[in-house]
Each structure stands twice: as C-alpha cells, then as structure tokens.
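This report refers to the structure that appears directly beneath it.
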Amino acid sequence: MFCLLQKSVKKYNYLARLAAQTLILAGVGAGLPAWSAGEAVVSTSHPLATQAGIAVLKAGGNAIDAAAAIQFALNVVEPQSSGIGGGAFLLVHLAGSGETLVLDARETAPAAATPDQFAARGFRENSISGLAVGVPGTLAGFQEAQQRWGRQTLTQVLQPAIALARDGFAVTPYLAQALRSPRAALQPETRALFRHPDGRPLQVGDWLRQPDLARTFTLIATQGPAAFYQGAMAQAIVTAQQRAGPDPASVGRMTLEDLAHYRPVVRKPLVGHYRGATILTMPPPSSGGVALLQSLAALERFPLGSVPDWQALSPNAVHVTIEALRLAMADRARWVGDPAATAVPLDQLLSGTMLAARSRMIDPHHRLSLPLAPEAVEGPHTTHFTVVDRDGNVVSCTSTVENLWGSGILVPGYGFLLNNELTDFNRVPQAGPGDPGANDVRPGMRPRSSMAPTLVLREEGGWFAYGSPGGPTIISSVLEMTQDLLDDRLPGMEAVRLPRYAVLDAAGSTIVEPAVPEGLVAALKESGDRLQRSERPIGSVQLVGEDPVTHDRWGVADPRRDGMAIRF
Ligand code: GLU
C-alpha cells in the first residue's frame with residue numbers, strides 16, 4: 001500500500017538534473033572498486049575544506065583534529081554559513097571506547113538578555129540587529145573537543161585556514177550565489193571584502209583573500225582561544241554587536257564578561273531505534289534529535305519501503321511522513337528549549353506508549369486536523385560535515401552563523417561574521433498558564449536549534465553518519481535520509497541526491513523541491529497536505545558510511561552545494 005516518494009520519483013529523471021552539479025563522489029556507486037577497510041573519509045560542502053581535513057589526517061591528526069581544521073577552513077571558504085562568530089553541534093564517536101558523545105558549542109544569550117527583547121520588531125529587523133548576536137561558541141567548542149579527544153594542537157589545525165585566508169581562493173558557485181544577498185554588504189567592511197570596487201558582488205572564479213581573518217587565526221594559533229574571548233578581539237566583538245540596526249533599541253547587549261564566561265557543554269546523545277537500527281542524535285537544546293526520534297517511532301508501524309513496485313506513484317508514504325513530522329513539530333514548539341532553563345520532558349516526549357498513541361492518530365489518507373499556526377520560513381543557511389579517520393573515530397558536525405551571513409555584522413579588523421542565532425528563541429515570549437515558554441529568551445541560555453548531526457548503527461553491522469543545514473527543514477532532511485537508507489536501502493549517493501520535501505511547522509506547511517513530480521504534489525494536496533514548491537534546494541547532506549560486510553568506508557557530498565567527499 002505504501003511506497004516512498006523517493007522510489008516513486010525515480011522515473012522523473014532527477015538524477016540527470018543533479019548529476020551535473022556533483023563535484024566528486026568518493027567511491028559510491030556501481031562499478032567502483034571496493035575500498036580497503038579502515039580508510040579515512042571526509043565529506044564537506046566545499047572542496048578546500050575537505051582538503052584541509054584530509055591534510056590534517058595525513059599529518060597524523062584524528063577525526064576530531066580534522067573536524068577542527070575543516071571548521072576553520074569553512075570559515076574562510078563558506079563564511080556565509082559558519083565560523084568562529086557562530087555555534088556548532090558535534091556528534092563524536094570514539095573508536096577506542098565505543099562511546100558516542102555530543103559537544104554542544106551553541107551560542108548563548110548575554111546576561112542582559114530579556115524574554116521580550118525581540119517582541120517589538122519583525123524577524124528580519126531583529127535578524128540584522130546586534131541584539132540577535134549570541135555569544136559565539138564554535139572556537140571554544142572545537143578547542144574543547146580537541147583537548148578531550150584530539151591528537152594535534154589548535155595551532156596545527158588552524159594552518160590550512162590561515163593559508164586559505166591569506167592566499168585566497170576562487171569563489172565557487174554556491175558562494176557566488178550567496179554573495180548576491182544584500183546581507184553580504186550591509187557595512188563598509190563587508191562591501192570592501194565581498195564586492196568589486198564598482199559595487200558588483202564577487203563572481204564565480206573571482207579570487208577572495210581575507211587578510212584580516214588570516215591575522216585573526218594567526219593570533220588564535222599563537223595565543224589560544226583567549227585571544228578571541230578576552231582582550232582586544234573580544235572588545236571588537238562587543239563593539240561590533242552594538243550596531244543597532246534600523247531601531248536604536250536593538251543594540252546588542254553582549255559584554256566582555258559574557259565572552260569570558262562562554263563554556264561549551266559535553267552531553268550524551270539521544271538514543272533511539274528504528275527497524276533494528278540504533279540512532280544516536282542531538283539532544284536539547286536542539287529539537288532536531290527529539291523530533292527525528294519521535295517521527296521515526298510514529299512511522300515504524302507503516303510498511304514503508306516494502307513495496308516491490310517502486311515506480312508506483314503512491315502519495316501515502318509521503319503523507320504519513322508529513323503527519324509524523326507535524327506531530328513532532330507541535331511538541332518541538334511547546335516543550336523543547338535549553339535544558340538548563342526549562343525541564344524538557346524527554347521521558348514523555350520519547351515514551352513508547354505516547355508515541356504509539358501518536359502513531360495511531362495518523363490517517364494514511366487524510367490530514368489530521370491540528371489547530372496550530374504556521375511559523376516563519378527559513379532559508380538554506382548553515383553547513384554540515386562528516387569525517388571518519390582510519391581508527392574509526394567519527395565526527396558528524398552541523399555548524400552555523402544562523403542566517404546566510406549571520407547578522408551581516410563583520411567584526412572590523414578581524415574579518416569574521418557574527419551570528420544572529422538568538423532569533424532562534426521565541427520572538428514573543430510564550431510563558432504563561434499551561435505553557436512553559438521553553439524557548440523564551442533567557443540570560444545565559446542557548447536558543448532552541450533544529451540541528452541534528454546523527455549516527456546510525458545498522459542492525460547488520462556498519463553505520464551511517466550524516467546531518468544537514470536548513471533550519472527547521474533539517475529535521476525533514478535527516479528523517480528522509482534515514483528512510484532512504486534504512487527503509488529503501490538506497491546507496492548513499494542516491495539517497496543524498498533524491499528530491500526532498502520539508503515540513504516547517506505543526507500546521508503542516510511543507511515545501512517541496514522542484515524535482516518532486518507534479519502528480520505527487522497534486523495527490524498530496526488532495527489528502528489535505530499544504531504543499532508549496534521551494535524556490536531553493538532543501539538541505540545539504542554530507543554523508544559517510546561503512547559497509548556492514550566488507551567494512552569499506554565511503555562518503556557523499558550533496559550536489560546541492562559545492563561539496564566534495566574524499567577518502568584515502
Ligand atoms: N539556527 C538554525 C538552528 O540552529 C540553523 C540555521 C539553519 O540551518 O538555517 O536550527
């Protein structure tokens with residue numbers, strides 16, 4: 001009765017559309033030679049970041065060191081998506097102990113933040129104001145990860161990024177597209193960096209040098225993260241986020257004390273099961289892992305992926321997936337926030353009995369009537385990368401400055417952008433009778449995220465590690481990857497390339513990529529689903545896996561961006 005969207009759309013030739021955009025695929029697909037066991041694989045959304053990771057692995061670093069080098073390189077080559085002015089979540093699997101841990105380097109609200117600080121303005125106004133800038137966590141987070149689990153020093157892993165920022169690199173298509181955003185040119189420093197003297201944004205192939213950023217990384221390499229969190233650079237961050245934006249009341253409130261007090265947090269991952277596989281994923285303050293596990297549990301009773309005639313066009317599987325995601329999004333909106341600020345009722349949210357009851361609410365043919373309002377749509381921000389080293393240590397990391405170009409505020413003289421992550425808090429406080437206001441702005445707390453770096457241990461052995469950018473669409477992208485890999489048993493490359501759809505909120509507002517066939521969209525609309533074509537690609541999944549039988553390792557970079565996967 002059910003078959004998956006992914007199978008049903010094969011006949012619509014999406015592979016041809018996407019194939020041209022693929023830069024490199026590391027050894028996945030028919031006809032490629034088998035890989036020897038224990039190879040290292042790096043998959044990121046930019047070839048130069050992938051090469052930075054490979055260089056560190058070749059020099060004796062492990063996956064954690066490589067991840068740090070990738071992150072700093074991405075700050076240079078994909079400055080619109082992540083960097084030391086932002087935050088990140090790392091899922092780290094340690095081969096030696098078999099443990100999987102989470103490093104939470106999410107931004108925090110300043111001590112002077114208040115629940116109503118965003119209420120008087122709309123999302124866009126808030127998002128380019130200093131008030132939206134959270135205390136950055138990325139640098140402290142990667143340093144913590146390296147100190148705990150790495151083999152190399154921060155100084156070593158910064159070298160590829162220093163060289164890239166100093167010597168420059170050619171602008172890639174995804175960066176060129178991002179550079180067309182007005183947010184890349186909100187202040188004289190960003191215009192000088194990212195535009196030609198005549199005001200045109202840099203184009204594909206133009207050379208981008210970032211000498212200020214090279215000096216910043218060199219300072220950090222010689223003095224350590226204190227050079228960022230204290231002293232002159234910290235003062236420059238504080239001054240930069242005091243930009244008001246259009247409204248003088250939206251001046252940022254971060255102080256030197258906020259920066260000096262930033263600490264990453266090591267957490268345990270959420271663990272769930274789906275069709276025999278074990279899923280390890282992100283806990284709060286991300287909602288991504290909770291929603292992923294809830295949706296999978298609600299879907300387990302449906303025979304997804306079991307229809308031999310995979311070309312049959314059945315909207316039912318997509319419909320039940322949309323419904324499962326809607327139910328999860330309703331919980332996300334109400335209950336998930338920073339666990340330091342609110343008691344997130346994980347036991348209830350993930351209880352088998354509750355989820356079974358939830359699942360029974362889903363009607364395969366009709367839309368559930370849930371009286372909930374749509375939420376704001378988000379764009380293609382953020383980045384995901386995945387690494388495994390030869391020993392089998394794995395890092396799956398989603399990293400962000402929130403919107404494309406973050407707040408648009410570049411720290412003058414230091415060359416990095418500041419995030420606008422605090423807009424992930426509730427814009428208008430929700431706390432009141434019957435509502436914990438789980439994601440209301442609170443001093444020192446982390447805004448709720450959707451980021452969901454994930455590791456799947458397959459029942460038959462072997463594993464997959466992946467994640468995606470895309471705000472709330474992350475949850476759908478990661479869920480669909482899980483379905484493609486576990487229900488459909490698709491090869492990684494096919495799973496990543498398949499057209500995606502994404503449920504944005506509990507009201508069921510759903511966007512679909514252009515390659516999803518019109519007939520399917522029409523059939524889903526008949527079931528009551530609220531679908532809209534997405535103008536932009538959804539997500540960017542960087543996937544690494546290990547074969548259960550041969551233990552060969554492979555990686556895929558999403559053709560939706562400029563990515564590259566390499567193994568050696
Ligand atoms: N701020 C988002 C989150 O933490 C990430 C940004 C994005 O992916 O668009 O969920």
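Following the order of the structure tokens, first chain is A, next is B, and so on, with residues numbered from 1 inside each chain and ligands from 1 in the order they appear.
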
| request: Kindly compile the residues surrounding ligand 1 within 10 Å, counting only C-alpha atoms and all ligand atoms, and format them as a PyMOL selection string. | output: chain A and resi 81-82+86-89+106-107+285-288+377-384+398-404+406+419-425+446-452+468-475+539-540

| request: Identify, on the basis of only C-alpha atoms, every residue whose closest approach to Phe142 in chain A does not exceed 9 Å; exclude the query and any residue fewer than 6 positions from it along the same chain; express the result as a list in words. | output: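 Everything that qualifies: Ile64, Asp65, Ala67, Ala68, Gln71, Ala88, Leu90, Leu103, Ala105 and Leu154 of chain A.
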
Those selected residues, please, written with all heavy atoms and delivered as a tab-separated table (two decimals), in the first residue's frame.
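So the final result, stored in part.tsv, reads:
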```tsv
chain	number	residue	atom	x	y	z
A	64	ILE	N	38.81	14.17	15.05
A	64	ILE	CA	38.46	15.39	15.81
A	64	ILE	C	39.35	16.55	15.35
A	64	ILE	O	38.87	17.67	15.15
A	64	ILE	CB	38.60	15.13	17.34
A	64	ILE	CG1	37.52	14.13	17.80
A	64	ILE	CG2	38.45	16.42	18.13
A	64	ILE	CD1	37.84	12.71	17.72
A	65	ASP	N	40.64	16.27	15.16
A	65	ASP	CA	41.54	17.31	14.63
A	65	ASP	C	41.09	17.73	13.22
A	65	ASP	O	41.09	18.92	12.89
A	65	ASP	CB	42.97	16.77	14.54
A	65	ASP	CG	43.49	16.29	15.89
A	65	ASP	OD1	43.34	17.03	16.87
A	65	ASP	OD2	44.02	15.16	15.94
A	67	ALA	N	38.15	17.58	11.96
A	67	ALA	CA	36.91	18.36	12.04
A	67	ALA	C	37.23	19.81	12.38
A	67	ALA	O	36.63	20.74	11.82
A	67	ALA	CB	35.98	17.75	13.08
A	68	ALA	N	38.18	20.03	13.28
A	68	ALA	CA	38.54	21.40	13.65
A	68	ALA	C	39.14	22.12	12.43
A	68	ALA	O	38.79	23.27	12.13
A	68	ALA	CB	39.52	21.38	14.81
A	71	GLN	N	36.40	23.02	10.07
A	71	GLN	CA	35.60	24.14	10.55
A	71	GLN	C	36.30	25.47	10.28
A	71	GLN	O	35.68	26.42	9.79
A	71	GLN	CB	35.32	24.00	12.04
A	71	GLN	CG	34.61	25.21	12.64
A	71	GLN	CD	33.26	25.46	12.00
A	71	GLN	OE1	32.28	24.81	12.36
A	71	GLN	NE2	33.16	26.38	11.05
A	88	ALA	N	28.00	25.57	17.03
A	88	ALA	CA	28.02	24.26	16.35
A	88	ALA	C	27.60	23.16	17.32
A	88	ALA	O	27.68	23.32	18.54
A	88	ALA	CB	29.43	23.97	15.83
A	90	LEU	N	28.53	19.01	17.67
A	90	LEU	CA	29.33	17.88	17.17
A	90	LEU	C	28.85	16.60	17.81
A	90	LEU	O	28.70	16.53	19.04
A	90	LEU	CB	30.81	18.05	17.54
A	90	LEU	CG	31.65	19.13	16.88
A	90	LEU	CD1	31.37	20.48	17.51
A	90	LEU	CD2	33.12	18.80	17.05
A	103	LEU	N	29.24	17.37	21.66
A	103	LEU	CA	29.88	18.60	22.11
A	103	LEU	C	28.97	19.74	21.67
A	103	LEU	O	28.78	19.95	20.47
A	103	LEU	CB	31.27	18.69	21.49
A	103	LEU	CG	32.32	19.64	22.08
A	103	LEU	CD1	31.94	21.09	21.96
A	103	LEU	CD2	32.60	19.30	23.55
A	105	ALA	N	28.42	23.42	21.25
A	105	ALA	CA	29.10	24.72	21.19
A	105	ALA	C	28.11	25.77	20.69
A	105	ALA	O	28.45	26.65	19.91
A	105	ALA	CB	30.31	24.63	20.27
A	154	LEU	N	45.66	23.09	18.54
A	154	LEU	CA	44.85	24.09	17.84
A	154	LEU	C	45.72	24.80	16.80
A	154	LEU	O	45.27	25.09	15.68
A	154	LEU	CB	44.30	25.07	18.88
A	154	LEU	CG	43.32	26.12	18.40
A	154	LEU	CD1	42.05	25.48	17.88
A	154	LEU	CD2	42.98	27.09	19.53
```

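Distances to Gly289 in chain A were evaluated for A:Ile84, A:Leu270, A:Leu202, A:Leu193 using only C-alpha atoms, and the minimum falls at A:Leu270.
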
| note | Atom pair CA of Leu327 in chain A + CA of Ala507 in chain A, distance 9.1 Å

| Spatial neighbours of Gly555 in chain A, 10 Å, only C-alpha atoms, chain gap at least 4 places, as a PyMOL selection string | chain A and resi 24-28+40-44+386-388+464-466+492-493+542-546+564-567

| Distance criterion (only C-alpha atoms): nearest to Leu94 in chain A out of A:Ile322, A:Ala161, A:Leu455, A:Val394 |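 When distances to Leu94 in chain A are compared using only C-alpha atoms, the smallest one comes from A:Val394.
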
| message | If I take CA of Thr190 in chain A and CA of Leu410 in chain A, how far is one from the other in Å, to one decimal? | response |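 According to the coordinates, CA of Thr190 in chain A and CA of Leu410 in chain A are separated by 6.6 Å.
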
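Candidate residues A:Gly252, A:Pro514, A:Pro315, A:Gly508 were compared for distance to Glu526 in chain A, and the nearest is A:Pro315, using only C-alpha atoms.
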
| message | What's around Ala119 in chain A at 10 Å? Count only C-alpha atoms, leave out sequence neighbours fewer than 4 positions away in its own chain, and write the answer as a ChimeraX atom specification. | response | /A:115,123,126,426-429

Residues as selected, N, CA and C atoms, written as a JSON list (two decimals), in the first residue's frame, can you do that?
```json
[["chain", "number", "residue", "atom", "x", "y", "z"],
["A", 115, "PRO", "N", 13.29, 38.27, 27.97],
["A", 115, "PRO", "CA", 12.36, 37.48, 27.14],
["A", 115, "PRO", "C", 11.66, 38.30, 26.06],
["A", 123, "PHE", "N", 10.89, 39.66, 12.28],
["A", 123, "PHE", "CA", 12.04, 38.76, 12.21],
["A", 123, "PHE", "C", 13.22, 39.40, 11.49],
["A", 126, "ASN", "N", 14.99, 42.15, 13.45],
["A", 126, "ASN", "CA", 15.77, 41.56, 14.55],
["A", 126, "ASN", "C", 17.02, 40.88, 14.03],
["A", 426, "ASN", "N", 12.03, 32.19, 20.92],
["A", 426, "ASN", "CA", 10.70, 32.71, 20.61],
["A", 426, "ASN", "C", 10.79, 34.23, 20.45],
["A", 427, "ARG", "N", 10.22, 34.74, 19.37],
["A", 427, "ARG", "CA", 10.27, 36.20, 19.18],
["A", 427, "ARG", "C", 9.41, 36.89, 20.25],
["A", 428, "VAL", "N", 8.26, 36.31, 20.50],
["A", 428, "VAL", "CA", 7.36, 36.84, 21.52],
["A", 428, "VAL", "C", 7.32, 35.80, 22.65],
["A", 429, "PRO", "N", 7.54, 36.22, 23.90],
["A", 429, "PRO", "CA", 7.58, 35.22, 24.99],
["A", 429, "PRO", "C", 6.27, 34.43, 25.09]]
```

| said: Report as an MDAnalysis selection string all protein, DNA and RNA residues lying within 10 Å of Gly60 in chain A, evaluated on only C-alpha atoms, omitting residues in the same chain fewer than 4 positions from it. | reply: chainID A and resid 55:56 65:66 151:152 389

| All residues 9 Å or closer to Leu293 in chain A, only C-alpha atoms, same chain fewer than 4 positions away omitted, as a count of residues only | 14

| task | Using only C-alpha atoms, pick whichever of A:Met254, A:Ala341, A:Leu498, A:Leu524 has the shortest atom-to-atom distance to Val320 in chain A. | result | A:Leu524

| message | I need the residue nearest Gly96 in chain A from this list: A:Val344, A:Asn393, A:Arg458, A:Leu417. Use only C-alpha atoms for the distance. | response |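 The shortest atom-to-atom distance to Gly96 in chain A comes from A:Asn393.
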
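Shortest atom-to-atom contact with Val336 in chain A among A:Val496, A:Gly563, A:Ala291, A:Tyr262: A:Ala291, counting only C-alpha atoms.
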
| request: If you run DSSP over the backbone, which residues in range 141-226 of chain A end up helix (DSSP H, G or I)? Put them as a ChimeraX atom specification. | output: /A:141-149,154-167,173-179,182-185,188-194,211-223,226

Can those selected residues be exported to a file as a compact mmCIF listing (two decimals), in the first residue's frame so that it contains C-alpha atoms?
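The resulting file, part.txt, is shown below:
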```
# COMPACT_ATOMS: atom_id res chain seq x y z
CA GLY A 141 33.80 24.08 21.28
CA PHE A 142 36.43 22.84 18.85
CA GLN A 143 39.20 23.61 21.31
CA GLU A 144 37.35 21.58 23.96
CA ALA A 145 36.80 18.69 21.55
CA GLN A 146 40.45 18.69 20.55
CA GLN A 147 41.67 18.85 24.12
CA ARG A 148 39.47 15.93 25.10
CA TRP A 149 39.77 13.71 22.07
CA LEU A 154 44.85 24.09 17.84
CA THR A 155 47.88 25.76 16.24
CA GLN A 156 48.34 22.83 13.86
CA VAL A 157 44.72 22.57 12.77
CA LEU A 158 44.48 26.32 12.11
CA GLN A 159 47.24 26.24 9.48
CA PRO A 160 45.11 25.30 6.42
CA ALA A 161 42.62 28.08 7.24
CA ILE A 162 45.41 30.63 7.74
CA ALA A 163 46.86 29.77 4.32
CA LEU A 164 43.44 29.88 2.63
CA ALA A 165 42.54 33.24 4.15
CA ARG A 166 45.96 34.75 3.42
CA ASP A 167 46.49 33.38 -0.11
CA PRO A 173 29.04 28.79 -7.48
CA TYR A 174 27.30 28.43 -4.10
CA LEU A 175 29.35 31.24 -2.57
CA ALA A 176 28.77 33.46 -5.62
CA GLN A 177 25.04 32.93 -5.25
CA ALA A 178 25.19 33.75 -1.53
CA LEU A 179 27.21 36.87 -2.28
CA PRO A 182 22.25 42.25 0.41
CA ARG A 183 23.23 40.85 3.81
CA ALA A 184 26.74 40.28 2.46
CA ALA A 185 27.13 44.04 2.01
CA PRO A 188 31.67 49.11 4.58
CA GLU A 189 33.90 46.21 5.71
CA THR A 190 31.74 43.55 4.06
CA ARG A 191 31.37 45.61 0.90
CA ALA A 192 35.16 46.02 0.72
CA LEU A 193 35.70 42.31 1.23
CA PHE A 194 32.95 40.76 -0.87
CA PRO A 211 43.96 39.10 5.28
CA ASP A 212 42.15 40.22 8.45
CA LEU A 213 40.81 36.72 9.00
CA ALA A 214 44.29 35.26 8.36
CA ARG A 215 45.66 37.56 11.10
CA THR A 216 42.82 36.58 13.44
CA PHE A 217 43.55 32.87 13.01
CA THR A 218 47.27 33.52 13.42
CA LEU A 219 46.59 35.36 16.68
CA ILE A 220 44.46 32.47 17.93
CA ALA A 221 47.12 29.98 16.81
CA THR A 222 49.78 31.75 18.84
CA GLN A 223 47.76 32.88 21.88
CA ALA A 226 41.80 33.58 24.98
```

| request: Quick one: pull the distance between CA of Leu457 in chain A and CA of Thr278 in chain A, Å, one decimal. | output: 5.1 Å
